[in-house]
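Just work22.pdb here, PDB, C-alpha atoms:
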MODEL        1
ATOM      1  CA  MET N   1       0.000   0.000   0.000
ATOM      2  CA  PHE N   2       2.598   2.571   1.134
ATOM      3  CA  THR N   3       6.271   1.734   0.591
ATOM      4  CA  GLY N   4       9.669   3.331   0.199
ATOM      5  CA  SER N   5      10.727   6.825   1.264
ATOM      6  CA  MET N   6       7.832   8.582   2.947
ATOM      7  CA  VAL N   7       8.826  12.074   3.988
ATOM      8  CA  ALA N   8       7.695  13.386   7.364
ATOM      9  CA  MET N   9       7.306  16.752   5.701
ATOM     10  CA  VAL N  10       8.061  20.011   7.472
ATOM     11  CA  THR N  11       5.333  22.647   7.494
ATOM     12  CA  PRO N  12       6.659  25.864   5.880
ATOM     13  CA  MET N  13       6.049  28.976   7.961
ATOM     14  CA  ASN N  14       6.581  32.689   7.670
ATOM     15  CA  THR N  15       8.749  34.478  10.221
ATOM     16  CA  ASP N  16       5.619  35.429  12.192
ATOM     17  CA  GLY N  17       4.750  31.739  12.551
ATOM     18  CA  SER N  18       1.847  31.692  10.087
ATOM     19  CA  VAL N  19       1.731  28.853   7.558
ATOM     20  CA  ASP N  20       3.392  29.768   4.261
ATOM     21  CA  TRP N  21       0.938  28.335   1.731
ATOM     22  CA  PRO N  22       2.887  29.137  -1.463
ATOM     23  CA  ALA N  23       5.986  27.496   0.033
ATOM     24  CA  LEU N  24       3.896  24.420   0.908
ATOM     25  CA  GLU N  25       2.949  24.013  -2.754
ATOM     26  CA  LYS N  26       6.565  24.540  -3.792
ATOM     27  CA  LEU N  27       7.722  21.928  -1.287
ATOM     28  CA  VAL N  28       5.204  19.366  -2.542
ATOM     29  CA  GLU N  29       6.382  19.862  -6.128
ATOM     30  CA  HIS N  30       9.983  19.468  -5.006
ATOM     31  CA  HIS N  31       9.255  16.117  -3.369
ATOM     32  CA  ILE N  32       7.381  14.768  -6.344
ATOM     33  CA  ALA N  33      10.182  15.838  -8.696
ATOM     34  CA  GLN N  34      12.790  14.217  -6.430
ATOM     35  CA  GLY N  35      11.024  10.844  -6.265
ATOM     36  CA  THR N  36       9.578  10.871  -2.755
ATOM     37  CA  ASP N  37       7.203   7.905  -2.521
ATOM     38  CA  ALA N  38       4.628   9.406  -0.136
ATOM     39  CA  ILE N  39       4.115  12.518   1.977
ATOM     40  CA  VAL N  40       3.209  12.448   5.657
ATOM     41  CA  SER N  41       1.506  15.750   6.381
ATOM     42  CA  VAL N  42       1.441  17.251   9.892
ATOM     43  CA  GLY N  43       3.334  14.599  11.759
ATOM     44  CA  THR N  44       5.746  15.525  14.542
ATOM     45  CA  THR N  45       8.159  16.976  11.975
ATOM     46  CA  GLY N  46       5.270  19.037  10.602
ATOM     47  CA  GLU N  47       4.874  20.728  14.006
ATOM     48  CA  SER N  48       1.551  19.090  14.770
ATOM     49  CA  ALA N  49       1.952  20.018  18.436
ATOM     50  CA  THR N  50       1.628  23.750  17.729
ATOM     51  CA  LEU N  51      -0.902  23.859  14.882
ATOM     52  CA  ASP N  52      -4.489  24.384  15.973
ATOM     53  CA  HIS N  53      -7.177  21.989  14.718
ATOM     54  CA  ASN N  54      -8.230  24.181  11.806
ATOM     55  CA  GLU N  55      -4.646  24.772  10.681
ATOM     56  CA  HIS N  56      -3.899  21.059  11.071
ATOM     57  CA  ALA N  57      -6.798  20.146   8.813
ATOM     58  CA  GLU N  58      -6.019  22.888   6.286
ATOM     59  CA  VAL N  59      -2.358  21.890   5.908
ATOM     60  CA  ILE N  60      -3.451  18.334   5.141
ATOM     61  CA  GLU N  61      -6.188  19.525   2.765
ATOM     62  CA  ARG N  62      -3.851  21.830   0.838
ATOM     63  CA  THR N  63      -1.176  19.131   0.667
ATOM     64  CA  VAL N  64      -3.683  16.696  -0.825
ATOM     65  CA  LYS N  65      -4.784  19.335  -3.322
ATOM     66  CA  ALA N  66      -1.199  20.142  -4.336
ATOM     67  CA  VAL N  67      -0.264  16.478  -4.712
ATOM     68  CA  ALA N  68      -3.347  15.893  -6.894
ATOM     69  CA  GLY N  69      -3.150  12.113  -6.677
ATOM     70  CA  ARG N  70       0.412  11.783  -7.945
ATOM     71  CA  ILE N  71       1.709  10.099  -4.775
ATOM     72  CA  PRO N  72      -0.036   9.027  -1.556
ATOM     73  CA  VAL N  73      -0.653  11.525   1.231
ATOM     74  CA  ILE N  74      -0.817  10.277   4.817
ATOM     75  CA  GLY N  75      -2.291  12.612   7.410
ATOM     76  CA  GLY N  76      -0.838  12.788  10.893
ATOM     77  CA  THR N  77      -3.958  12.603  13.043
ATOM     78  CA  GLY N  78      -2.881  11.193  16.397
ATOM     79  CA  ALA N  79      -3.692  12.709  19.787
ATOM     80  CA  ASN N  80      -3.635  11.715  23.430
ATOM     81  CA  SER N  81      -7.417  12.060  23.488
ATOM     82  CA  THR N  82      -9.234   9.309  21.602
ATOM     83  CA  SER N  83     -12.131  11.590  20.654
ATOM     84  CA  GLU N  84      -9.726  14.242  19.372
ATOM     85  CA  ALA N  85      -7.853  11.668  17.297
ATOM     86  CA  ILE N  86     -11.132  10.526  15.765
ATOM     87  CA  LEU N  87     -12.050  14.125  14.916
ATOM     88  CA  LEU N  88      -8.678  14.817  13.286
ATOM     89  CA  THR N  89      -8.840  11.529  11.380
ATOM     90  CA  GLU N  90     -12.350  12.292  10.110
ATOM     91  CA  ARG N  91     -11.218  15.703   8.903
ATOM     92  CA  ALA N  92      -8.210  14.200   7.147
ATOM     93  CA  VAL N  93     -10.422  11.660   5.423
ATOM     94  CA  ALA N  94     -12.727  14.472   4.294
ATOM     95  CA  ALA N  95      -9.652  16.207   2.854
ATOM     96  CA  GLY N  96      -8.902  13.148   0.728
ATOM     97  CA  VAL N  97      -5.904  11.477   2.370
ATOM     98  CA  ASP N  98      -4.875   7.948   1.447
ATOM     99  CA  GLY N  99      -4.119   6.951   5.034
ATOM    100  CA  CYS N 100      -3.530   8.307   8.526
ATOM    101  CA  LEU N 101      -0.632   8.117  10.983
ATOM    102  CA  LEU N 102      -1.649   7.832  14.636
ATOM    103  CA  VAL N 103       0.917   8.368  17.349
ATOM    104  CA  VAL N 104       0.816   6.524  20.665
ATOM    105  CA  PRO N 105      -0.959   8.831  23.144
ATOM    106  CA  TYR N 106       1.547  11.065  24.879
ATOM    107  CA  TYR N 107       1.790  12.475  28.412
ATOM    108  CA  ASN N 108      -1.110  10.589  30.016
ATOM    109  CA  LYS N 109       0.817   7.268  29.866
ATOM    110  CA  PRO N 110      -1.999   4.753  29.223
ATOM    111  CA  PRO N 111      -1.524   1.040  29.986
ATOM    112  CA  GLN N 112      -1.182  -1.487  27.161
ATOM    113  CA  GLU N 113      -4.895  -2.309  27.220
ATOM    114  CA  GLY N 114      -5.667   1.406  27.038
ATOM    115  CA  LEU N 115      -3.452   1.682  23.959
ATOM    116  CA  TYR N 116      -5.238  -1.254  22.353
ATOM    117  CA  GLN N 117      -8.689   0.191  23.043
ATOM    118  CA  HIS N 118      -7.606   3.670  21.865
ATOM    119  CA  PHE N 119      -6.433   2.493  18.453
ATOM    120  CA  ARG N 120      -9.235  -0.066  18.055
ATOM    121  CA  THR N 121     -11.826   2.641  18.733
ATOM    122  CA  ILE N 122     -10.323   4.984  16.118
ATOM    123  CA  ALA N 123     -10.077   2.184  13.544
ATOM    124  CA  GLU N 124     -13.718   1.246  14.072
ATOM    125  CA  ALA N 125     -14.848   4.875  13.918
ATOM    126  CA  VAL N 126     -13.060   5.906  10.702
ATOM    127  CA  ALA N 127     -12.753   3.685   7.619
ATOM    128  CA  ILE N 128      -9.289   4.621   6.354
ATOM    129  CA  PRO N 129      -5.966   2.707   6.317
ATOM    130  CA  GLN N 130      -4.265   3.558   9.605
ATOM    131  CA  ILE N 131      -0.585   3.422  10.574
ATOM    132  CA  LEU N 132       0.359   3.136  14.231
ATOM    133  CA  TYR N 133       3.303   5.230  15.438
ATOM    134  CA  ASN N 134       5.378   4.140  18.414
ATOM    135  CA  VAL N 135       7.946   6.742  19.499
ATOM    136  CA  PRO N 136       8.564   6.271  23.234
ATOM    137  CA  GLY N 137      11.318   8.890  23.318
ATOM    138  CA  ARG N 138       8.655  11.567  22.713
ATOM    139  CA  THR N 139       5.483  10.075  24.167
ATOM    140  CA  ALA N 140       6.841   8.645  27.448
ATOM    141  CA  VAL N 141       4.946   5.397  26.815
ATOM    142  CA  ASP N 142       6.099   2.381  24.813
ATOM    143  CA  MET N 143       3.595   0.221  22.952
ATOM    144  CA  HIS N 144       4.769  -3.374  23.314
ATOM    145  CA  ASN N 145       5.096  -5.596  20.267
ATOM    146  CA  ASP N 146       2.380  -7.915  21.565
ATOM    147  CA  THR N 147      -0.053  -4.968  21.696
ATOM    148  CA  THR N 148       0.883  -3.990  18.146
ATOM    149  CA  LEU N 149       0.291  -7.557  16.973
ATOM    150  CA  ARG N 150      -3.180  -7.558  18.561
ATOM    151  CA  LEU N 151      -3.963  -4.373  16.669
ATOM    152  CA  ALA N 152      -2.557  -5.794  13.429
ATOM    153  CA  LYS N 153      -5.546  -8.139  13.329
ATOM    154  CA  ILE N 154      -7.882  -5.159  12.779
ATOM    155  CA  GLU N 155      -8.534  -4.821   9.060
ATOM    156  CA  ASN N 156      -7.791  -1.137   8.527
ATOM    157  CA  ILE N 157      -4.764  -0.992  10.838
ATOM    158  CA  VAL N 158      -2.231  -1.713   8.127
ATOM    159  CA  ALA N 159       1.223  -0.770   9.442
ATOM    160  CA  ILE N 160       3.373   0.651  12.197
ATOM    161  CA  LYS N 161       6.058   3.310  12.218
ATOM    162  CA  ASP N 162       8.566   1.891  14.684
ATOM    163  CA  ALA N 163      10.690   4.694  16.124
ATOM    164  CA  THR N 164      12.137   2.718  19.028
ATOM    165  CA  ASN N 165      15.567   2.604  17.331
ATOM    166  CA  ASP N 166      15.726  -1.059  18.392
ATOM    167  CA  LEU N 167      16.410  -3.276  15.382
ATOM    168  CA  ASP N 168      15.746  -6.464  17.327
ATOM    169  CA  ARG N 169      12.272  -5.236  18.236
ATOM    170  CA  GLY N 170      11.596  -4.187  14.664
ATOM    171  CA  ARG N 171      12.711  -7.543  13.337
ATOM    172  CA  ASP N 172      10.520  -9.307  15.876
ATOM    173  CA  LEU N 173       7.524  -7.347  14.618
ATOM    174  CA  ILE N 174       8.362  -8.190  11.016
ATOM    175  CA  ASN N 175       8.751 -11.883  11.804
ATOM    176  CA  ARG N 176       5.503 -12.165  13.786
ATOM    177  CA  SER N 177       3.218  -9.812  11.853
ATOM    178  CA  PRO N 178       0.498 -10.924   9.443
ATOM    179  CA  GLN N 179       1.731 -10.910   5.853
ATOM    180  CA  ASP N 180      -0.316  -7.839   4.939
ATOM    181  CA  PHE N 181       0.822  -5.774   7.953
ATOM    182  CA  MET N 182       3.822  -3.554   7.199
ATOM    183  CA  VAL N 183       6.603  -2.352   9.461
ATOM    184  CA  TYR N 184       8.180   1.013   8.666
ATOM    185  CA  SER N 185      11.194   2.597  10.278
ATOM    186  CA  GLY N 186      10.851   5.847  12.155
ATOM    187  CA  GLU N 187      14.583   6.243  12.756
ATOM    188  CA  ASP N 188      16.699   7.305   9.794
ATOM    189  CA  GLY N 189      19.915   5.936  11.268
ATOM    190  CA  THR N 190      18.646   2.341  11.375
ATOM    191  CA  ALA N 191      16.077   2.497   8.555
ATOM    192  CA  CYS N 192      18.275   0.808   5.956
ATOM    193  CA  GLU N 193      18.915  -2.249   8.116
ATOM    194  CA  LEU N 194      15.258  -2.551   9.132
ATOM    195  CA  MET N 195      14.196  -2.506   5.476
ATOM    196  CA  LEU N 196      16.849  -5.089   4.603
ATOM    197  CA  SER N 197      15.263  -7.214   7.331
ATOM    198  CA  GLY N 198      11.840  -7.008   5.693
ATOM    199  CA  GLY N 199      10.569  -3.533   6.538
ATOM    200  CA  LYS N 200       8.659  -1.880   3.717
ATOM    201  CA  GLY N 201       9.802   1.702   4.022
ATOM    202  CA  THR N 202      10.665   4.580   6.295
ATOM    203  CA  ILE N 203       8.839   7.688   7.432
ATOM    204  CA  SER N 204      11.835   9.944   7.247
ATOM    205  CA  VAL N 205      13.168  13.267   8.469
ATOM    206  CA  THR N 206      16.246  12.988   6.233
ATOM    207  CA  ALA N 207      13.974  12.795   3.188
ATOM    208  CA  ASN N 208      13.143  16.470   3.753
ATOM    209  CA  VAL N 209      16.720  17.368   2.866
ATOM    210  CA  ALA N 210      17.917  14.572   0.554
ATOM    211  CA  PRO N 211      14.717  13.190  -0.995
ATOM    212  CA  GLU N 212      16.216  11.746  -4.171
ATOM    213  CA  LEU N 213      18.971   9.859  -2.372
ATOM    214  CA  MET N 214      16.561   8.591   0.284
ATOM    215  CA  HIS N 215      14.231   7.354  -2.448
ATOM    216  CA  ARG N 216      17.035   5.409  -4.120
ATOM    217  CA  MET N 217      18.294   3.963  -0.834
ATOM    218  CA  CYS N 218      14.817   2.841   0.206
ATOM    219  CA  ALA N 219      14.054   1.323  -3.187
ATOM    220  CA  ALA N 220      17.259  -0.702  -3.034
ATOM    221  CA  ALA N 221      16.677  -1.798   0.561
ATOM    222  CA  VAL N 222      13.054  -2.845   0.051
ATOM    223  CA  ALA N 223      14.129  -4.798  -3.046
ATOM    224  CA  GLY N 224      16.810  -6.570  -1.017
ATOM    225  CA  ASN N 225      19.753  -5.096  -2.915
ATOM    226  CA  VAL N 226      22.048  -5.173   0.099
ATOM    227  CA  LYS N 227      25.242  -3.631  -1.265
ATOM    228  CA  GLU N 228      23.516  -0.834  -3.148
ATOM    229  CA  ALA N 229      21.313   0.050  -0.180
ATOM    230  CA  ARG N 230      24.203   0.079   2.285
ATOM    231  CA  ASP N 231      26.428   2.072  -0.057
ATOM    232  CA  LEU N 232      23.737   4.723  -0.470
ATOM    233  CA  ASN N 233      23.024   4.760   3.247
ATOM    234  CA  THR N 234      26.721   5.272   3.991
ATOM    235  CA  GLN N 235      26.516   8.496   1.982
ATOM    236  CA  LEU N 236      23.566   9.586   4.144
ATOM    237  CA  GLU N 237      24.859   8.666   7.582
ATOM    238  CA  LYS N 238      26.386  12.035   8.446
ATOM    239  CA  LEU N 239      23.154  13.775   7.458
ATOM    240  CA  HIS N 240      21.051  11.320   9.503
ATOM    241  CA  GLN N 241      23.059  12.340  12.558
ATOM    242  CA  ALA N 242      23.232  16.073  11.876
ATOM    243  CA  LEU N 243      19.470  16.447  11.508
ATOM    244  CA  PHE N 244      19.069  15.494  15.158
ATOM    245  CA  VAL N 245      21.775  17.734  16.580
ATOM    246  CA  GLU N 246      18.857  19.732  18.025
ATOM    247  CA  SER N 247      15.216  18.785  18.505
ATOM    248  CA  ASN N 248      13.442  17.790  15.310
ATOM    249  CA  PRO N 249      12.359  19.643  13.160
ATOM    250  CA  ILE N 250      14.738  22.501  14.021
ATOM    251  CA  PRO N 251      17.709  21.253  11.930
ATOM    252  CA  ALA N 252      15.527  19.929   9.106
ATOM    253  CA  LYS N 253      13.684  23.223   8.661
ATOM    254  CA  TRP N 254      16.953  25.157   8.663
ATOM    255  CA  ALA N 255      18.415  22.775   6.070
ATOM    256  CA  VAL N 256      15.424  23.061   3.724
ATOM    257  CA  GLN N 257      15.561  26.836   4.144
ATOM    258  CA  GLN N 258      19.218  26.774   3.056
ATOM    259  CA  GLN N 259      18.110  24.970  -0.103
ATOM    260  CA  GLY N 260      15.865  27.936  -0.912
ATOM    261  CA  ILE N 261      12.593  26.001  -0.737
ATOM    262  CA  ILE N 262      11.049  27.403   2.456
ATOM    263  CA  GLY N 263      11.513  30.402   4.712
ATOM    264  CA  ALA N 264      12.842  30.600   8.247
ATOM    265  CA  GLY N 265       9.582  30.324  10.194
ATOM    266  CA  ILE N 266       9.194  27.955  13.137
ATOM    267  CA  ARG N 267       6.829  28.119  16.101
ATOM    268  CA  LEU N 268       7.608  28.573  19.747
ATOM    269  CA  PRO N 269       8.607  26.863  21.929
ATOM    270  CA  LEU N 270      10.987  25.703  19.159
ATOM    271  CA  LEU N 271      13.582  28.164  17.879
ATOM    272  CA  PRO N 272      15.652  28.409  14.699
ATOM    273  CA  LEU N 273      18.822  26.318  14.606
ATOM    274  CA  SER N 274      21.543  27.777  16.814
ATOM    275  CA  VAL N 275      24.527  29.373  15.128
ATOM    276  CA  ALA N 276      26.758  26.858  16.905
ATOM    277  CA  ASN N 277      25.127  23.947  15.060
ATOM    278  CA  GLN N 278      24.599  25.530  11.648
ATOM    279  CA  GLU N 279      28.032  24.504  10.422
ATOM    280  CA  VAL N 280      27.422  20.915  11.574
ATOM    281  CA  VAL N 281      24.293  20.677   9.431
ATOM    282  CA  ARG N 282      25.858  22.566   6.521
ATOM    283  CA  GLU N 283      28.857  20.221   6.408
ATOM    284  CA  ALA N 284      26.573  17.182   6.414
ATOM    285  CA  MET N 285      24.520  18.651   3.572
ATOM    286  CA  GLN N 286      27.676  19.380   1.575
ATOM    287  CA  ALA N 287      28.897  15.837   2.133
ATOM    288  CA  VAL N 288      25.702  14.514   0.535
ATOM    289  CA  GLY N 289      25.712  17.139  -2.217
ATOM    290  CA  VAL N 290      22.368  18.732  -1.380
ATOM    291  CA  ILE N 291      23.662  22.272  -0.888
TER     292      ILE N 291
ENDMDL
END

Is it possible to give me this structure as structure tokens?
Amino acid sequence: MFTGSMVAMVTPMNTDGSVDWPALEKLVEHHIAQGTDAIVSVGTTGESATLDHNEHAEVIERTVKAVAGRIPVIGGTGANSTSEAILLTERAVAAGVDGCLLVVPYYNKPPQEGLYQHFRTIAEAVAIPQILYNVPGRTAVDMHNDTTLRLAKIENIVAIKDATNDLDRGRDLINRSPQDFMVYSGEDGTACELMLSGGKGTISVTANVAPELMHRMCAAAVAGNVKEARDLNTQLEKLHQALFVESNPIPAKWAVQQQGIIGAGIRLPLLPLSVANQEVVREAMQAVGVI
């Protein structure tokens, strides 16, 4: 259904923090031209935490309109309130998305059964392919593999973005999942190896900055072309690291700004990339040949 390099796309903003709609259209065209396989709109990297509900829905709607069916669009619609997640998912479906990405509820730290009931309730309420998203480093709760496998039995829960950075856990999910349930990486540094182990793609921050190279690396890895995939990933490794030198999406937005595609806007409490780290990101971009 969704495979390859799926960009967790930044949301372009003006310096006053408002969404830059012309830059959003420009960014979409850039990704399509560079071979990005799918766009994830308003995930964590898209600053979902600081967009209000109407902005959230409008960014997804305008992304769908700009893409115009050329590649899939996945809406980030997770929340730590089940009713809010259902509302956001319904609005994304009305906008025309191909699927939705639902993060594990953050802050309130539900038990495993609460996680199961949360995602089951959303899946039953909204008929759209849904991708689970486990990122314990941000949510402060870790969805166990056994809980994921229970959810994988629900027809429209089709995949998981595993951002645990634990290859053994990812491989366990791949080995025990139903054949039609897909495991995606949520960590650029280990994405290549997870795909070579049977993962079907990555939802990537690095793809914001090096979309063409990420597309080629993912295509090789999903096809099982080990040497080609690893060679391409070696070229990307420095960039994988540099884009997390400060909290995501601070470095990624600065990097895409340096490429002349978006402006400098980012919303508080995040700030633009510090001067001290700009050279780190610039050197990594130069090493990959994207600046």

Pull out every residue that the PyMOL selection byres ((chain N and resi 2) around 12) matches in the shown coordinates and put them as a PyMOL selection string.
chain N and resi 1+3-7+36-40+71-74+98-101+129-131+158-161+180-184+199-203+222

Step by step, work through what the PyMOL selection byres ((chain N and resi 194) around 8) selects in the shown file, and finish by giving those residues as number ranges by chain.
N: 167, 170-171, 184-185, 190-193, 195-199

Result set, the PyMOL selection byres ((chain N and resi 280) around 10) on current file, as a list in words:
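On this input, the PyMOL selection byres ((chain N and resi 280) around 10) captures Lys238, Leu239, Gln241, Ala242, Leu243, Val245, Pro251, Val275, Ala276, Asn277, Gln278, Glu279, Val281, Arg282, Glu283, Ala284 and Met285 of chain N.
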
Write a file of the just-selected residues containing C-alpha atoms, as a PDB file, in the frame of the given file.
ATOM      1  CA  LYS N 238      26.386  12.035   8.446  1.00  0.00           C
ATOM      2  CA  LEU N 239      23.154  13.775   7.458  1.00  0.00           C
ATOM      3  CA  GLN N 241      23.059  12.340  12.558  1.00  0.00           C
ATOM      4  CA  ALA N 242      23.232  16.073  11.876  1.00  0.00           C
ATOM      5  CA  LEU N 243      19.470  16.447  11.508  1.00  0.00           C
ATOM      6  CA  VAL N 245      21.775  17.734  16.580  1.00  0.00           C
ATOM      7  CA  PRO N 251      17.709  21.253  11.930  1.00  0.00           C
ATOM      8  CA  VAL N 275      24.527  29.373  15.128  1.00  0.00           C
ATOM      9  CA  ALA N 276      26.758  26.858  16.905  1.00  0.00           C
ATOM     10  CA  ASN N 277      25.127  23.947  15.060  1.00  0.00           C
ATOM     11  CA  GLN N 278      24.599  25.530  11.648  1.00  0.00           C
ATOM     12  CA  GLU N 279      28.032  24.504  10.422  1.00  0.00           C
ATOM     13  CA  VAL N 281      24.293  20.677   9.431  1.00  0.00           C
ATOM     14  CA  ARG N 282      25.858  22.566   6.521  1.00  0.00           C
ATOM     15  CA  GLU N 283      28.857  20.221   6.408  1.00  0.00           C
ATOM     16  CA  ALA N 284      26.573  17.182   6.414  1.00  0.00           C
ATOM     17  CA  MET N 285      24.520  18.651   3.572  1.00  0.00           C
TER      18      MET N 285
END

Atom pair CA of Asp142 (chain N) + CA of Thr44 (chain N), distance 16.7 Å

What gap, in Å, lies between CA of Ala163 (chain N) and CA of Arg138 (chain N)?
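Going from CA of Ala163 (chain N) over to CA of Arg138 (chain N), I get 9.7 Å.
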
Give the answer as one residue: which of N:Asp52, N:Asp16, N:Glu228, N:Glu29 has the shortest atom-to-atom distance to Ile266 (chain N), using all atoms listed in the file?
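Using all atoms listed in the file, the shortest distance to Ile266 (chain N) belongs to N:Asp16.
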
Residue among N:Asn108, N:Tyr133, N:Met9, N:Val19 lying closest to Gly265 (chain N), counting all atoms listed in the file
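So, comparing all the options, the nearest one is N:Val19.
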
Sorted by chain and rising residue number, list the residues of region 79-114 of chain N at most 12 Å from region 147-151 of chain N (counting only C-alpha atoms), each with its closest atom pair and distance in Å to one decimal, as a tab-separated table.
residue	atom	partner	partner_atom	distance
N:Val104	CA	N:Thr148	CA	10.8
N:Pro111	CA	N:Thr147	CA	10.3
N:Gln112	CA	N:Thr147	CA	6.6
N:Glu113	CA	N:Thr147	CA	7.8
N:Gly114	CA	N:Thr147	CA	10.0

Provide the CA of Asp20 (chain N) to CA of Val59 (chain N) distance in Å, to one decimal place.
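One can read the CA of Asp20 (chain N) to CA of Val59 (chain N) distance as 9.9 Å.
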
Nearest to Pro136 (chain N), chosen from N:His56, N:Arg70, N:Lys109, N:Arg91, with all atoms listed in the file counted in the distances:
N:Lys109

Among listed residues N:Asn14, N:Asn145, N:Ser247, N:Ser83, nearest Asp162 (chain N) (using all atoms listed in the file)
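Of N:Asn14, N:Asn145, N:Ser247, N:Ser83, the one nearest Asp162 (chain N), counting all atoms listed in the file, is N:Asn145.
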
Region 45-48 of chain N: which residues within 8 Å, counting only C-alpha atoms, same-chain residues fewer than 5 positions away excluded, as a PyMOL selection string?
chain N and resi 8-11+56+76+205+248-249+267

Find the residues around Gln34 (chain N) up to 10 Å (all atoms listed in the file counted), leave out those fewer than 2 positions away in its own chain, and share them as a ChimeraX atom specification.
/N:28-32,36-37,207,210-215

Nearest to Leu51 (chain N), chosen from N:Ala220, N:Leu102, N:Ile154, N:Met13, with only C-alpha atoms counted in the distances:
N:Met13

Set up a box along x, y and z of the file covering all listed atoms of region 118-131 of chain N, add 3 Å on every one of the six sides, and write the centre and edge lengths in Å to one decimal, as AutoDock Vina command-line options.
--center_x -7.7 --center_y 2.9 --center_z 14.1 --size_x 20.3 --size_y 12.0 --size_z 21.5

Name the residues in contact with Gln235 (chain N) at a cut-off of 10 Å, using all atoms listed in the file, excluding same-chain residues fewer than 2 positions from it; report them as a PyMOL selection string.
chain N and resi 213+217+230-233+237-240+284+287-289
